[in-house]
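Text of structure_12.cif (mmCIF, C-alpha atoms) as supplied:
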data_entry
#
loop_
_atom_site.label_atom_id
_atom_site.label_comp_id
_atom_site.auth_asym_id
_atom_site.auth_seq_id
_atom_site.Cartn_x
_atom_site.Cartn_y
_atom_site.Cartn_z
CA MET A 25 -12.47 -8.57 -14.92
CA GLU A 26 -9.61 -10.97 -14.44
CA ILE A 27 -7.02 -10.03 -11.82
CA ASP A 28 -4.45 -9.03 -14.46
CA GLU A 29 -7.00 -6.64 -15.96
CA LEU A 30 -7.75 -5.20 -12.53
CA LYS A 31 -4.04 -4.61 -11.98
CA SER A 32 -3.86 -2.75 -15.28
CA VAL A 33 -6.79 -0.53 -14.30
CA ALA A 34 -5.23 0.14 -10.89
CA LYS A 35 -2.07 1.35 -12.61
CA LYS A 36 -4.10 3.88 -14.64
CA VAL A 37 -5.97 5.02 -11.56
CA ARG A 38 -2.71 5.64 -9.69
CA LYS A 39 -1.52 7.71 -12.63
CA ASP A 40 -4.69 9.81 -12.53
CA ILE A 41 -4.39 10.39 -8.78
CA LEU A 42 -0.84 11.68 -9.15
CA VAL A 43 -1.63 13.91 -12.13
CA MET A 44 -4.84 15.30 -10.60
CA THR A 45 -3.31 16.24 -7.26
CA ALA A 46 -0.13 17.65 -8.81
CA ASP A 47 -2.14 19.79 -11.22
CA ALA A 48 -4.40 21.02 -8.42
CA GLY A 49 -1.46 21.72 -6.14
CA SER A 50 -3.46 20.22 -3.27
CA GLY A 51 -5.33 17.09 -2.31
CA HIS A 52 -4.82 13.77 -0.57
CA PRO A 53 -2.67 11.39 -2.60
CA GLY A 54 -1.58 9.07 0.24
CA GLY A 55 -4.98 7.65 1.17
CA SER A 56 -6.18 7.75 -2.41
CA LEU A 57 -3.31 5.48 -3.45
CA SER A 58 -3.92 3.08 -0.56
CA SER A 59 -7.59 2.68 -1.58
CA VAL A 60 -7.07 1.91 -5.27
CA GLU A 61 -7.48 -1.87 -5.30
CA LEU A 62 -10.51 -1.71 -3.00
CA VAL A 63 -12.43 0.78 -5.14
CA CYS A 64 -11.44 -0.88 -8.42
CA ALA A 65 -12.59 -4.28 -7.17
CA LEU A 66 -15.93 -2.86 -6.09
CA TYR A 67 -16.75 -1.03 -9.31
CA PHE A 68 -15.35 -3.51 -11.83
CA ASN A 69 -16.11 -6.86 -10.19
CA VAL A 70 -18.40 -6.63 -7.20
CA MET A 71 -21.14 -4.01 -7.31
CA LYS A 72 -24.21 -3.91 -9.49
CA PHE A 73 -23.46 -0.60 -11.24
CA ASP A 74 -24.33 0.32 -14.80
CA PRO A 75 -22.10 3.18 -16.04
CA LYS A 76 -24.75 4.03 -18.64
CA ASN A 77 -27.48 4.18 -16.00
CA PRO A 78 -25.82 5.14 -12.69
CA LEU A 79 -29.17 5.91 -11.04
CA ASP A 80 -30.65 2.51 -11.83
CA PRO A 81 -32.96 1.66 -8.88
CA LYS A 82 -31.42 -1.83 -8.82
CA ARG A 83 -27.88 -0.51 -8.34
CA ASP A 84 -25.68 -1.19 -5.35
CA TYR A 85 -24.68 1.87 -3.34
CA PHE A 86 -21.13 3.05 -2.64
CA ILE A 87 -20.51 5.61 0.12
CA LEU A 88 -17.02 7.11 0.21
CA SER A 89 -17.01 8.03 3.88
CA LYS A 90 -13.35 9.08 3.74
CA GLY A 91 -14.31 11.71 1.19
CA HIS A 92 -10.89 13.34 1.02
CA VAL A 93 -9.64 10.40 -1.10
CA CYS A 94 -12.13 11.25 -3.86
CA PRO A 95 -9.42 11.28 -6.60
CA VAL A 96 -9.55 7.47 -6.57
CA LEU A 97 -13.33 7.52 -7.09
CA TYR A 98 -13.16 10.20 -9.80
CA SER A 99 -10.54 8.22 -11.72
CA VAL A 100 -12.54 4.97 -11.51
CA LEU A 101 -15.63 6.80 -12.79
CA ALA A 102 -13.53 8.07 -15.70
CA GLN A 103 -12.25 4.54 -16.42
CA LEU A 104 -15.90 3.44 -16.55
CA GLU A 105 -16.64 6.37 -18.92
CA CYS A 106 -19.23 7.78 -16.51
CA VAL A 107 -17.35 11.08 -16.79
CA ASN A 108 -14.96 12.56 -19.32
CA ALA A 109 -11.34 11.82 -18.38
CA ASP A 110 -10.37 15.27 -19.66
CA GLU A 111 -12.30 16.78 -16.75
CA LEU A 112 -10.18 15.12 -14.08
CA CYS A 113 -7.61 17.89 -13.98
CA SER A 114 -10.29 20.34 -12.93
CA LEU A 115 -9.94 18.76 -9.46
CA ARG A 116 -10.45 21.32 -6.70
CA LYS A 117 -10.97 24.18 -9.14
CA ILE A 118 -13.84 26.66 -8.79
CA GLY A 119 -16.95 25.49 -10.60
CA SER A 120 -15.62 21.97 -11.19
CA ARG A 121 -17.74 18.88 -10.61
CA PHE A 122 -14.61 17.33 -9.12
CA GLN A 123 -14.42 19.06 -5.76
CA GLY A 124 -11.93 18.21 -3.01
CA HIS A 125 -14.62 16.09 -1.38
CA PRO A 126 -17.49 14.39 -3.25
CA ALA A 127 -20.39 16.81 -3.71
CA LYS A 128 -23.85 15.42 -4.38
CA ASP A 129 -25.11 18.77 -5.69
CA LYS A 130 -22.62 18.53 -8.58
CA LEU A 131 -24.72 15.66 -9.99
CA LEU A 132 -21.65 13.52 -10.44
CA PRO A 133 -22.51 9.90 -11.38
CA GLY A 134 -21.56 7.51 -8.61
CA VAL A 135 -21.70 10.11 -5.85
CA GLU A 136 -24.64 9.09 -3.66
CA VAL A 137 -24.04 11.61 -0.88
CA SER A 138 -21.70 14.51 -0.10
CA THR A 139 -18.95 13.32 2.25
CA GLY A 140 -15.81 14.62 3.85
CA SER A 141 -16.72 15.29 7.47
CA LEU A 142 -15.38 12.04 8.84
CA GLY A 143 -17.55 9.71 10.87
CA TYR A 144 -20.96 9.81 9.29
CA GLY A 145 -20.60 7.71 6.12
CA LEU A 146 -21.44 4.52 7.98
CA SER A 147 -24.55 6.18 9.42
CA VAL A 148 -25.69 7.14 5.90
CA GLY A 149 -24.94 3.65 4.60
CA THR A 150 -26.76 2.07 7.51
CA GLY A 151 -29.82 4.21 6.82
CA ILE A 152 -29.84 3.32 3.13
CA ALA A 153 -29.35 -0.37 3.88
CA LEU A 154 -32.16 -0.37 6.45
CA GLY A 155 -34.53 1.28 3.97
CA LEU A 156 -33.64 -1.25 1.29
CA LYS A 157 -34.07 -4.16 3.67
CA ARG A 158 -37.47 -2.98 4.84
CA GLY A 159 -38.49 -2.50 1.22
CA LYS A 160 -37.38 -6.08 0.52
CA LYS A 161 -34.89 -4.86 -2.10
CA SER A 162 -31.85 -6.89 -3.14
CA ASN A 163 -29.48 -3.90 -3.45
CA ARG A 164 -26.33 -3.93 -1.34
CA VAL A 165 -24.54 -1.00 0.32
CA TYR A 166 -20.76 -0.59 0.56
CA VAL A 167 -19.09 2.02 2.79
CA LEU A 168 -15.36 2.80 2.62
CA MET A 169 -13.92 4.33 5.79
CA GLY A 170 -10.47 5.21 7.09
CA ASP A 171 -8.87 3.68 10.16
CA GLY A 172 -8.38 7.07 11.80
CA GLU A 173 -12.08 7.62 11.18
CA GLN A 174 -12.81 4.88 13.71
CA GLN A 175 -12.01 7.43 16.42
CA GLU A 176 -15.34 9.14 15.66
CA GLY A 177 -18.17 8.24 18.04
CA SER A 178 -20.84 8.34 15.34
CA VAL A 179 -19.17 5.37 13.64
CA TRP A 180 -19.97 3.23 16.67
CA GLU A 181 -23.58 4.37 16.91
CA ALA A 182 -24.05 3.23 13.31
CA ALA A 183 -22.14 0.00 13.91
CA MET A 184 -24.39 -0.81 16.87
CA ALA A 185 -27.55 -0.08 14.87
CA ALA A 186 -26.44 -2.11 11.85
CA GLY A 187 -25.57 -5.13 13.96
CA ASP A 188 -28.75 -4.91 15.97
CA HIS A 189 -30.88 -4.76 12.80
CA ARG A 190 -29.00 -7.74 11.31
CA MET A 191 -28.25 -5.77 8.16
CA ASP A 192 -26.62 -8.39 5.95
CA ASN A 193 -27.00 -6.10 2.93
CA LEU A 194 -24.35 -3.76 4.37
CA CYS A 195 -20.59 -4.16 3.93
CA ALA A 196 -18.14 -1.70 5.47
CA ILE A 197 -14.49 -1.56 4.45
CA ILE A 198 -11.74 0.05 6.48
CA ASP A 199 -8.71 1.25 4.54
CA SER A 200 -6.31 0.48 7.36
CA ASN A 201 -3.11 2.23 6.30
CA LYS A 202 -2.20 2.98 9.95
CA LEU A 203 -1.68 6.73 9.36
CA GLN A 204 -3.88 9.80 9.74
CA ILE A 205 -3.21 13.49 9.22
CA ASP A 206 -1.40 14.00 12.55
CA GLY A 207 0.63 10.80 12.64
CA LYS A 208 0.23 7.12 13.44
CA VAL A 209 -3.31 6.07 14.32
CA GLU A 210 -2.04 4.13 17.34
CA ASP A 211 -0.29 7.25 18.66
CA ILE A 212 -3.21 9.64 18.16
CA MET A 213 -5.88 7.35 19.67
CA SER A 214 -5.56 3.59 19.50
CA ILE A 215 -8.53 1.84 17.89
CA GLU A 216 -7.46 -1.71 18.69
CA PRO A 217 -8.70 -4.38 19.10
CA LEU A 218 -10.72 -3.23 16.09
CA ALA A 219 -11.96 -6.58 14.77
CA ASP A 220 -13.09 -7.68 18.22
CA LYS A 221 -14.98 -4.43 18.73
CA TYR A 222 -17.01 -4.92 15.56
CA ARG A 223 -17.62 -8.57 16.42
CA ALA A 224 -19.00 -7.42 19.77
CA PHE A 225 -21.42 -5.22 17.80
CA LYS A 226 -22.66 -8.36 15.96
CA TRP A 227 -20.66 -7.91 12.74
CA ASN A 228 -19.01 -10.58 10.63
CA THR A 229 -15.39 -9.42 10.47
CA VAL A 230 -12.73 -10.30 7.88
CA GLU A 231 -9.12 -9.10 7.77
CA ILE A 232 -7.18 -9.03 4.48
CA ASP A 233 -4.29 -7.56 2.52
CA GLY A 234 -5.99 -4.57 0.89
CA HIS A 235 -3.70 -4.67 -2.15
CA ASP A 236 -4.19 -8.38 -2.96
CA TYR A 237 -7.05 -8.75 -5.43
CA ALA A 238 -7.55 -12.44 -4.69
CA GLN A 239 -8.07 -11.69 -0.99
CA ILE A 240 -10.23 -8.64 -1.73
CA LEU A 241 -12.58 -10.49 -4.06
CA LYS A 242 -12.85 -13.46 -1.70
CA ALA A 243 -13.75 -11.09 1.17
CA PHE A 244 -16.50 -9.40 -0.85
CA ASP A 245 -17.84 -12.81 -1.86
CA THR A 246 -17.92 -13.83 1.80
CA ALA A 247 -19.78 -10.62 2.65
CA SER A 248 -22.43 -11.27 0.03
CA LYS A 249 -23.01 -14.79 1.36
CA THR A 250 -23.13 -13.84 5.05
CA LYS A 251 -26.68 -13.86 6.41
CA GLY A 252 -28.07 -12.19 9.51
CA LYS A 253 -25.29 -9.71 10.15
CA PRO A 254 -23.35 -6.93 8.37
CA THR A 255 -19.76 -7.54 7.29
CA LEU A 256 -16.67 -5.49 8.05
CA ILE A 257 -13.56 -5.92 5.90
CA ILE A 258 -10.41 -4.61 7.54
CA ALA A 259 -8.08 -4.06 4.60
CA ASN A 260 -4.46 -3.66 5.65
CA THR A 261 -2.92 -1.22 3.20
CA ILE A 262 0.09 1.02 2.64
CA LYS A 263 -0.39 4.76 2.53
CA GLY A 264 0.99 6.08 -0.75
CA LYS A 265 1.08 2.55 -2.22
CA GLY A 266 3.08 2.27 -5.44
CA VAL A 267 5.29 5.33 -4.99
CA SER A 268 8.45 4.64 -2.99
CA PHE A 269 8.91 8.12 -1.55
CA MET A 270 5.26 8.31 -0.49
CA GLU A 271 4.79 4.88 1.05
CA ASN A 272 4.16 4.97 4.82
CA ILE A 273 5.00 8.68 5.01
CA VAL A 274 2.36 10.62 6.91
CA ASP A 275 3.24 13.92 5.17
CA TRP A 276 1.58 12.60 1.99
CA HIS A 277 -1.79 12.39 3.70
CA GLY A 278 -2.75 15.85 2.48
CA LYS A 279 0.15 17.18 0.38
CA ALA A 280 0.23 17.20 -3.41
CA PRO A 281 3.40 16.27 -5.29
CA SER A 282 5.25 18.92 -7.25
CA LYS A 283 5.38 18.50 -11.02
CA GLU A 284 8.93 17.14 -10.67
CA LEU A 285 7.93 14.59 -8.04
CA MET A 286 4.87 13.68 -10.08
CA GLU A 287 7.10 12.81 -13.03
CA LYS A 288 9.33 10.72 -10.75
CA ALA A 289 6.29 8.89 -9.34
CA LEU A 290 4.82 8.24 -12.79
CA LYS A 291 8.07 6.61 -13.89
CA GLU A 292 7.98 4.38 -10.81
CA ILE A 293 4.52 3.07 -11.64
CA GLY A 294 5.39 2.55 -15.28
CA PHE A 295 4.42 5.72 -17.15
#
Show me, as structure tokens, the structure contained in the file I just sent.
Amino acid sequence: MEIDELKSVAKKVRKDILVMTADAGSGHPGGSLSSVELVCALYFNVMKFDPKNPLDPKRDYFILSKGHVCPVLYSVLAQLECVNADELCSLRKIGSRFQGHPAKDKLLPGVEVSTGSLGYGLSVGTGIALGLKRGKKSNRVYVLMGDGEQQEGSVWEAAMAAGDHRMDNLCAIIDSNKLQIDGKVEDIMSIEPLADKYRAFKWNTVEIDGHDYAQILKAFDTASKTKGKPTLIIANTIKGKGVSFMENIVDWHGKAPSKELMEKALKEIGF
């Protein structure tokens, strides 16, 4: 897709996130909105992923380690027609395929593993990437994490293993919106200097504006061309991006908008 087309898709995805969480009366709109451009770029421009054959052995793998922001993934899958868009408003309802965290047992296309317990998505991605590399496969693995998630020790075990095994088929992305459920990341437990830490673990590290498609696509291109080491993309984002009363407000980490606030937000993004 051209960048203008990606922007149009992102607008629809933001709409879905707002409607889904408002209808459910619960969910995580803030981090879902900050991840939109990253997930759209991956599925529409970067990854090998056939919506008509999501289990194609030649596919690239996407692991949503920060599983609580699953509304962004569900919406993108609907935009790709992997799932019926009418199902989206069953988010978090009993029996729905669209649970509050991605559930592998729901057989949802695009969900490679159940996630939600923060800290282990990179371990899963590292394991998949290592298996692919040893099998001499060309598939790539992408893992989206949160910045607060970097406080988990298991992230660093995986980072050390990936660097040591020179896993250039692995790309991790950090949605660095600077906020987690309890407040500012730097106040809860500082993770800086983050880029230097990953470099010390033998990673190629790139820092970008996570809402700028040109920078995002360039970073993914760099990752695909980097040999002998995994790549980390630190994407600086805004929690609640696109909705003025949600942007950079920690309360919107895990609080759904009311129907009235949903309508206000939809008008802001152009619906």
So what does the PyMOL selection byres ((chain A and resi 250-262) around 8) actually pick up in this one, as a short mmCIF file (atom, residue, chain, number, x, y, z; two decimals) with C-alpha atoms, keeping the file's coordinate frame?
data_model
loop_
_atom_site.label_atom_id
_atom_site.label_comp_id
_atom_site.auth_asym_id
_atom_site.auth_seq_id
_atom_site.Cartn_x
_atom_site.Cartn_y
_atom_site.Cartn_z
CA SER A 58 -3.92 3.08 -0.56
CA SER A 59 -7.59 2.68 -1.58
CA ALA A 186 -26.44 -2.11 11.85
CA GLY A 187 -25.57 -5.13 13.96
CA HIS A 189 -30.88 -4.76 12.80
CA ARG A 190 -29.00 -7.74 11.31
CA MET A 191 -28.25 -5.77 8.16
CA ASP A 192 -26.62 -8.39 5.95
CA ASN A 193 -27.00 -6.10 2.93
CA LEU A 194 -24.35 -3.76 4.37
CA CYS A 195 -20.59 -4.16 3.93
CA ALA A 196 -18.14 -1.70 5.47
CA ILE A 197 -14.49 -1.56 4.45
CA ILE A 198 -11.74 0.05 6.48
CA ASP A 199 -8.71 1.25 4.54
CA SER A 200 -6.31 0.48 7.36
CA ASN A 201 -3.11 2.23 6.30
CA LYS A 202 -2.20 2.98 9.95
CA ALA A 219 -11.96 -6.58 14.77
CA TYR A 222 -17.01 -4.92 15.56
CA LYS A 226 -22.66 -8.36 15.96
CA TRP A 227 -20.66 -7.91 12.74
CA ASN A 228 -19.01 -10.58 10.63
CA THR A 229 -15.39 -9.42 10.47
CA VAL A 230 -12.73 -10.30 7.88
CA GLU A 231 -9.12 -9.10 7.77
CA ILE A 232 -7.18 -9.03 4.48
CA ASP A 233 -4.29 -7.56 2.52
CA GLY A 234 -5.99 -4.57 0.89
CA HIS A 235 -3.70 -4.67 -2.15
CA ALA A 243 -13.75 -11.09 1.17
CA THR A 246 -17.92 -13.83 1.80
CA ALA A 247 -19.78 -10.62 2.65
CA SER A 248 -22.43 -11.27 0.03
CA LYS A 249 -23.01 -14.79 1.36
CA LYS A 263 -0.39 4.76 2.53
CA GLY A 264 0.99 6.08 -0.75
CA LYS A 265 1.08 2.55 -2.22
CA GLU A 271 4.79 4.88 1.05
CA ASN A 272 4.16 4.97 4.82
#
For the file shown, what are the residues hit by the PyMOL selection byres ((chain A and resi 117-125) around 10), laid out as a ChimeraX atom specification?
/A:45,48,50-52,88-95,98,107,111-116,126-132,138-141
For Phe86 of chain A, which of A:Gly159, A:Gly294, A:Gly172, A:Gly145 is the closest residue, counting only C-alpha atoms?
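Closest candidate: A:Gly145.
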Please write the residues picked by the PyMOL selection byres ((chain A and resi 68-75) around 10) on this file as a compact mmCIF listing (two decimals) with C-alpha atoms, in the coordinates of the input.
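Output file out.txt follows:
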# COMPACT_ATOMS: atom_id res chain seq x y z
CA MET A 25 -12.47 -8.57 -14.92
CA GLU A 26 -9.61 -10.97 -14.44
CA ILE A 27 -7.02 -10.03 -11.82
CA GLU A 29 -7.00 -6.64 -15.96
CA LEU A 30 -7.75 -5.20 -12.53
CA VAL A 33 -6.79 -0.53 -14.30
CA VAL A 63 -12.43 0.78 -5.14
CA CYS A 64 -11.44 -0.88 -8.42
CA ALA A 65 -12.59 -4.28 -7.17
CA LEU A 66 -15.93 -2.86 -6.09
CA TYR A 67 -16.75 -1.03 -9.31
CA LYS A 76 -24.75 4.03 -18.64
CA ASN A 77 -27.48 4.18 -16.00
CA PRO A 78 -25.82 5.14 -12.69
CA LEU A 79 -29.17 5.91 -11.04
CA ASP A 80 -30.65 2.51 -11.83
CA LYS A 82 -31.42 -1.83 -8.82
CA ARG A 83 -27.88 -0.51 -8.34
CA ASP A 84 -25.68 -1.19 -5.35
CA TYR A 85 -24.68 1.87 -3.34
CA PHE A 86 -21.13 3.05 -2.64
CA VAL A 100 -12.54 4.97 -11.51
CA LEU A 101 -15.63 6.80 -12.79
CA ALA A 102 -13.53 8.07 -15.70
CA GLN A 103 -12.25 4.54 -16.42
CA LEU A 104 -15.90 3.44 -16.55
CA GLU A 105 -16.64 6.37 -18.92
CA CYS A 106 -19.23 7.78 -16.51
CA VAL A 107 -17.35 11.08 -16.79
CA PRO A 133 -22.51 9.90 -11.38
CA GLY A 134 -21.56 7.51 -8.61
CA ASN A 163 -29.48 -3.90 -3.45
CA ARG A 164 -26.33 -3.93 -1.34
CA VAL A 165 -24.54 -1.00 0.32
CA TYR A 166 -20.76 -0.59 0.56
CA LEU A 241 -12.58 -10.49 -4.06
CA PHE A 244 -16.50 -9.40 -0.85
CA ASP A 245 -17.84 -12.81 -1.86
CA SER A 248 -22.43 -11.27 0.03
Closest of A:Leu57, A:Val37, A:Ala224, A:Leu146 to Ser268 of chain A - atom-to-atom distances counting only C-alpha atoms
A:Leu57
Would you compute an axis-aligned box for segment 287-290 of chain A, covering every atom listed for it in the file with 6 Å of margin on each side, and report centre and edge lengths in Å to one decimal as AutoDock Vina command-line options?
--center_x 7.1 --center_y 10.5 --center_z -11.2 --size_x 16.5 --size_y 16.6 --size_z 15.7
Can you find the residues with an atom no farther than 6 Å from (-5.3, -0.2, -7.5), counting all atoms listed in the file, and report them as a ChimeraX atom specification?
/A:34,60-61
Protein, DNA and RNA residues within 12 Å of (8.0, 6.2, -9.6), all atoms listed in the file, as a list in words:
Lys35, Arg38, Lys39, Leu42, Gly264, Lys265, Gly266, Val267, Ser268, Phe269, Met270, Glu271, Pro281, Glu284, Leu285, Met286, Glu287, Lys288, Ala289, Leu290, Lys291, Glu292, Ile293, Gly294 and Phe295 of chain A
Completion step: segment 221-249 of chain A with N, CA and C atoms as a PDB file, in the coordinates of the input:
ATOM      1  N   LYS A 221     -13.952  -5.421  18.433  1.00  0.00           N
ATOM      2  CA  LYS A 221     -14.980  -4.430  18.730  1.00  0.00           C
ATOM      3  C   LYS A 221     -16.178  -4.592  17.802  1.00  0.00           C
ATOM      4  N   TYR A 222     -15.907  -4.742  16.511  1.00  0.00           N
ATOM      5  CA  TYR A 222     -17.010  -4.920  15.560  1.00  0.00           C
ATOM      6  C   TYR A 222     -17.726  -6.253  15.791  1.00  0.00           C
ATOM      7  N   ARG A 223     -16.978  -7.289  16.127  1.00  0.00           N
ATOM      8  CA  ARG A 223     -17.620  -8.570  16.420  1.00  0.00           C
ATOM      9  C   ARG A 223     -18.564  -8.429  17.625  1.00  0.00           C
ATOM     10  N   ALA A 224     -18.154  -7.637  18.603  1.00  0.00           N
ATOM     11  CA  ALA A 224     -19.000  -7.420  19.770  1.00  0.00           C
ATOM     12  C   ALA A 224     -20.287  -6.675  19.409  1.00  0.00           C
ATOM     13  N   PHE A 225     -20.244  -5.938  18.295  1.00  0.00           N
ATOM     14  CA  PHE A 225     -21.420  -5.220  17.800  1.00  0.00           C
ATOM     15  C   PHE A 225     -22.192  -6.068  16.782  1.00  0.00           C
ATOM     16  N   LYS A 226     -21.926  -7.380  16.777  1.00  0.00           N
ATOM     17  CA  LYS A 226     -22.660  -8.360  15.960  1.00  0.00           C
ATOM     18  C   LYS A 226     -22.351  -8.268  14.467  1.00  0.00           C
ATOM     19  N   TRP A 227     -21.102  -7.946  14.130  1.00  0.00           N
ATOM     20  CA  TRP A 227     -20.660  -7.910  12.740  1.00  0.00           C
ATOM     21  C   TRP A 227     -19.833  -9.152  12.421  1.00  0.00           C
ATOM     22  N   ASN A 228     -19.943  -9.620  11.181  1.00  0.00           N
ATOM     23  CA  ASN A 228     -19.010 -10.580  10.630  1.00  0.00           C
ATOM     24  C   ASN A 228     -17.761  -9.794  10.222  1.00  0.00           C
ATOM     25  N   THR A 229     -16.602 -10.205  10.686  1.00  0.00           N
ATOM     26  CA  THR A 229     -15.390  -9.420  10.470  1.00  0.00           C
ATOM     27  C   THR A 229     -14.320 -10.242   9.756  1.00  0.00           C
ATOM     28  N   VAL A 230     -13.752  -9.651   8.696  1.00  0.00           N
ATOM     29  CA  VAL A 230     -12.730 -10.300   7.880  1.00  0.00           C
ATOM     30  C   VAL A 230     -11.529  -9.368   7.778  1.00  0.00           C
ATOM     31  N   GLU A 231     -10.329  -9.910   7.887  1.00  0.00           N
ATOM     32  CA  GLU A 231      -9.120  -9.100   7.770  1.00  0.00           C
ATOM     33  C   GLU A 231      -8.294  -9.591   6.578  1.00  0.00           C
ATOM     34  N   ILE A 232      -7.862  -8.645   5.722  1.00  0.00           N
ATOM     35  CA  ILE A 232      -7.180  -9.030   4.480  1.00  0.00           C
ATOM     36  C   ILE A 232      -6.034  -8.074   4.165  1.00  0.00           C
ATOM     37  N   ASP A 233      -5.256  -8.455   3.165  1.00  0.00           N
ATOM     38  CA  ASP A 233      -4.290  -7.560   2.520  1.00  0.00           C
ATOM     39  C   ASP A 233      -5.072  -6.733   1.502  1.00  0.00           C
ATOM     40  N   GLY A 234      -5.170  -5.437   1.739  1.00  0.00           N
ATOM     41  CA  GLY A 234      -5.990  -4.570   0.890  1.00  0.00           C
ATOM     42  C   GLY A 234      -5.415  -4.250  -0.470  1.00  0.00           C
ATOM     43  N   HIS A 235      -4.269  -4.845  -0.814  1.00  0.00           N
ATOM     44  CA  HIS A 235      -3.700  -4.670  -2.150  1.00  0.00           C
ATOM     45  C   HIS A 235      -3.678  -5.983  -2.935  1.00  0.00           C
ATOM     46  N   ASP A 236      -4.189  -7.053  -2.337  1.00  0.00           N
ATOM     47  CA  ASP A 236      -4.190  -8.380  -2.960  1.00  0.00           C
ATOM     48  C   ASP A 236      -5.595  -8.645  -3.503  1.00  0.00           C
ATOM     49  N   TYR A 237      -5.722  -8.613  -4.822  1.00  0.00           N
ATOM     50  CA  TYR A 237      -7.050  -8.750  -5.430  1.00  0.00           C
ATOM     51  C   TYR A 237      -7.722 -10.073  -5.086  1.00  0.00           C
ATOM     52  N   ALA A 238      -6.953 -11.147  -5.005  1.00  0.00           N
ATOM     53  CA  ALA A 238      -7.550 -12.440  -4.690  1.00  0.00           C
ATOM     54  C   ALA A 238      -8.212 -12.398  -3.307  1.00  0.00           C
ATOM     55  N   GLN A 239      -7.518 -11.809  -2.334  1.00  0.00           N
ATOM     56  CA  GLN A 239      -8.070 -11.690  -0.990  1.00  0.00           C
ATOM     57  C   GLN A 239      -9.261 -10.729  -0.961  1.00  0.00           C
ATOM     58  N   ILE A 240      -9.153  -9.639  -1.693  1.00  0.00           N
ATOM     59  CA  ILE A 240     -10.230  -8.640  -1.730  1.00  0.00           C
ATOM     60  C   ILE A 240     -11.508  -9.252  -2.283  1.00  0.00           C
ATOM     61  N   LEU A 241     -11.394  -9.918  -3.415  1.00  0.00           N
ATOM     62  CA  LEU A 241     -12.580 -10.490  -4.060  1.00  0.00           C
ATOM     63  C   LEU A 241     -13.184 -11.615  -3.220  1.00  0.00           C
ATOM     64  N   LYS A 242     -12.342 -12.401  -2.574  1.00  0.00           N
ATOM     65  CA  LYS A 242     -12.850 -13.460  -1.700  1.00  0.00           C
ATOM     66  C   LYS A 242     -13.615 -12.851  -0.524  1.00  0.00           C
ATOM     67  N   ALA A 243     -13.092 -11.746   0.032  1.00  0.00           N
ATOM     68  CA  ALA A 243     -13.750 -11.090   1.170  1.00  0.00           C
ATOM     69  C   ALA A 243     -15.114 -10.542   0.774  1.00  0.00           C
ATOM     70  N   PHE A 244     -15.209  -9.925  -0.403  1.00  0.00           N
ATOM     71  CA  PHE A 244     -16.500  -9.400  -0.850  1.00  0.00           C
ATOM     72  C   PHE A 244     -17.488 -10.535  -1.137  1.00  0.00           C
ATOM     73  N   ASP A 245     -16.978 -11.648  -1.626  1.00  0.00           N
ATOM     74  CA  ASP A 245     -17.840 -12.810  -1.860  1.00  0.00           C
ATOM     75  C   ASP A 245     -18.380 -13.344  -0.532  1.00  0.00           C
ATOM     76  N   THR A 246     -17.500 -13.400   0.465  1.00  0.00           N
ATOM     77  CA  THR A 246     -17.920 -13.830   1.800  1.00  0.00           C
ATOM     78  C   THR A 246     -18.994 -12.908   2.357  1.00  0.00           C
ATOM     79  N   ALA A 247     -18.805 -11.605   2.163  1.00  0.00           N
ATOM     80  CA  ALA A 247     -19.780 -10.620   2.650  1.00  0.00           C
ATOM     81  C   ALA A 247     -21.144 -10.842   2.022  1.00  0.00           C
ATOM     82  N   SER A 248     -21.162 -11.100   0.727  1.00  0.00           N
ATOM     83  CA  SER A 248     -22.430 -11.270   0.030  1.00  0.00           C
ATOM     84  C   SER A 248     -23.160 -12.538   0.454  1.00  0.00           C
ATOM     85  N   LYS A 249     -22.412 -13.515   0.961  1.00  0.00           N
ATOM     86  CA  LYS A 249     -23.010 -14.790   1.360  1.00  0.00           C
ATOM     87  C   LYS A 249     -23.340 -14.854   2.855  1.00  0.00           C
TER      88      LYS A 249
END
